[in-house]
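Just below is one structure, and these are the notes that go with it.
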Amino acid sequence: MAQKIICNAKTRRVSVCNALDTLLVHKDREADIPQLLAPMQGKVTFYYNDESLYDTEFMDYKMNVVTVSSLDEALAHIDQHGSGHSEAIITQNEQTARQFQPPASIGMPPPRSPTVPSSDWEQRLASARRSWAPAVRWPWKKSPPTSGLSRAKDK
């Protein structure tokens with residue numbers, strides 16, 4: 001499954017800002033990298049552990065593959081170099097997924113949600129998420145004023 005997710009995240013639409021640019025792989029899974037990238041061989045140019053590309057948004061068939069030694073290292077990398085809007089994790093460990101998942105109060109989708117909609121159904125689901133997410137009450141922002149607001153027909 002990871003192979004399909006990675007391939008879709010990189011190749012479905014490379015010219016969008018949420019396409020996969022940097023793949024972080026735990027060092028214990030380093031031997032799996034050739035298999036994970038196999039469907040993209042010949043289509044995508046791969047760079048390995050290239051620090052000069054950490055902040056690069058390729059918008060092309062290029063991807064940086066970086067190995068990390070821990071979840072903490074991966075999270076630190078994401079905090080420093082991530083986009084802030086389309087990071088994802090592929091794991092079988094629920095505790096690891098929970099550590100990666102943002103707090104529920106910020107209105108983000110659950111950790112198993114698609115990062116790039118790949119079907120009409122997923123597109124509608126993503127659309128629905130966008131429509132309810134702004135309604136989440138952000139504790140660090142003031143609520144919009146309600147006085148003085150009215151519909152045009154009420155005037």
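Please note that chains go A, B, ... in the order of the structure tokens, that every chain numbers its residues from 1, and that ligands are numbered from 1 in the order shown.
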
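For Val14 of chain A, the set of protein, DNA and RNA residues having any atom at most 7 Å away, when counting only C-alpha atoms and skipping those fewer than 6 positions along the same chain, is Met59, Asp60 and Tyr61 of chain A.
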
Produce a file of the selected residues containing all heavy atoms, as a PDB file, in the first residue's frame.
```pdb
ATOM      1  N   MET A  59       7.767  20.798  -8.346  1.00  0.00           N
ATOM      2  CA  MET A  59       6.738  21.001  -9.370  1.00  0.00           C
ATOM      3  C   MET A  59       7.133  20.281 -10.666  1.00  0.00           C
ATOM      4  O   MET A  59       6.918  20.768 -11.769  1.00  0.00           O
ATOM      5  CB  MET A  59       6.499  22.492  -9.638  1.00  0.00           C
ATOM      6  CG  MET A  59       6.207  23.308  -8.398  1.00  0.00           C
ATOM      7  SD  MET A  59       4.507  23.193  -7.975  1.00  0.00           S
ATOM      8  CE  MET A  59       3.885  24.773  -7.898  1.00  0.00           C
ATOM      9  N   ASP A  60       7.749  19.119 -10.504  1.00  0.00           N
ATOM     10  CA  ASP A  60       8.284  18.349 -11.616  1.00  0.00           C
ATOM     11  C   ASP A  60       8.437  16.895 -11.147  1.00  0.00           C
ATOM     12  O   ASP A  60       8.234  16.593  -9.977  1.00  0.00           O
ATOM     13  CB  ASP A  60       9.642  18.932 -12.021  1.00  0.00           C
ATOM     14  CG  ASP A  60      10.090  18.500 -13.404  1.00  0.00           C
ATOM     15  OD1 ASP A  60       9.394  17.687 -14.044  1.00  0.00           O
ATOM     16  OD2 ASP A  60      11.142  18.981 -13.853  1.00  0.00           O
ATOM     17  N   TYR A  61       8.843  16.039 -12.039  1.00  0.00           N
ATOM     18  CA  TYR A  61       9.049  14.633 -11.708  1.00  0.00           C
ATOM     19  C   TYR A  61      10.406  14.440 -11.035  1.00  0.00           C
ATOM     20  O   TYR A  61      11.288  13.750 -11.548  1.00  0.00           O
ATOM     21  CB  TYR A  61       8.920  13.767 -12.966  1.00  0.00           C
ATOM     22  CG  TYR A  61       7.497  13.667 -13.459  1.00  0.00           C
ATOM     23  CD1 TYR A  61       7.009  14.556 -14.413  1.00  0.00           C
ATOM     24  CD2 TYR A  61       6.641  12.699 -12.958  1.00  0.00           C
ATOM     25  CE1 TYR A  61       5.696  14.474 -14.850  1.00  0.00           C
ATOM     26  CE2 TYR A  61       5.323  12.609 -13.382  1.00  0.00           C
ATOM     27  CZ  TYR A  61       4.864  13.501 -14.332  1.00  0.00           C
ATOM     28  OH  TYR A  61       3.557  13.423 -14.754  1.00  0.00           O
TER      29      TYR A  61
END
```

Tell me which protein, DNA and RNA residues are within 12 Å of Asn18 of chain A, counting only C-alpha atoms, leaving out same-chain ones fewer than 5 positions away, and put them as number ranges by chain. A: 8-13, 57-60, 82-88, 114-117

I want to know what sits within 6 Å of segment 22-28 of chain A, based on only C-alpha atoms, with residues of the same chain fewer than 4 positions away left out; could you give that as a list of chain:residue names?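 The filter keeps A:Met63, A:Asn64, A:Val65, A:Val66, A:Thr67, A:Val68, A:Ser69.
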
So that I can check the surroundings of Gln3 of chain A, please list as a list in words every protein, DNA and RNA residue that reaches within 7 Å of it, counting only C-alpha atoms and ignoring chain neighbours fewer than 4 positions away.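 Non-adjacent residues within range: Cys7, Leu36 and Leu37 of chain A.
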
So, counting only C-alpha atoms, which residue among A:Ala74, A:Cys17, A:Ile90, A:Ala97 is closest to Ala2 of chain A?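 Smallest distance to Ala2 of chain A is found for A:Ile90.
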
Name the residues of segment 30-94 of chain A that fall into strand (DSSP E or B) according to DSSP on the backbone, using the chain letters and numbers of this document, as JSON, numbers by chain. {"A": [45, 46, 47, 48, 62, 63, 64, 65, 66, 67, 68]}

Between atom CA of Asn93 of chain A and atom CA of Leu53 of chain A, what is the distance in Å, rounded to a tenth?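 For atom CA of Asn93 of chain A relative to atom CA of Leu53 of chain A, the distance reads 28.8 Å.
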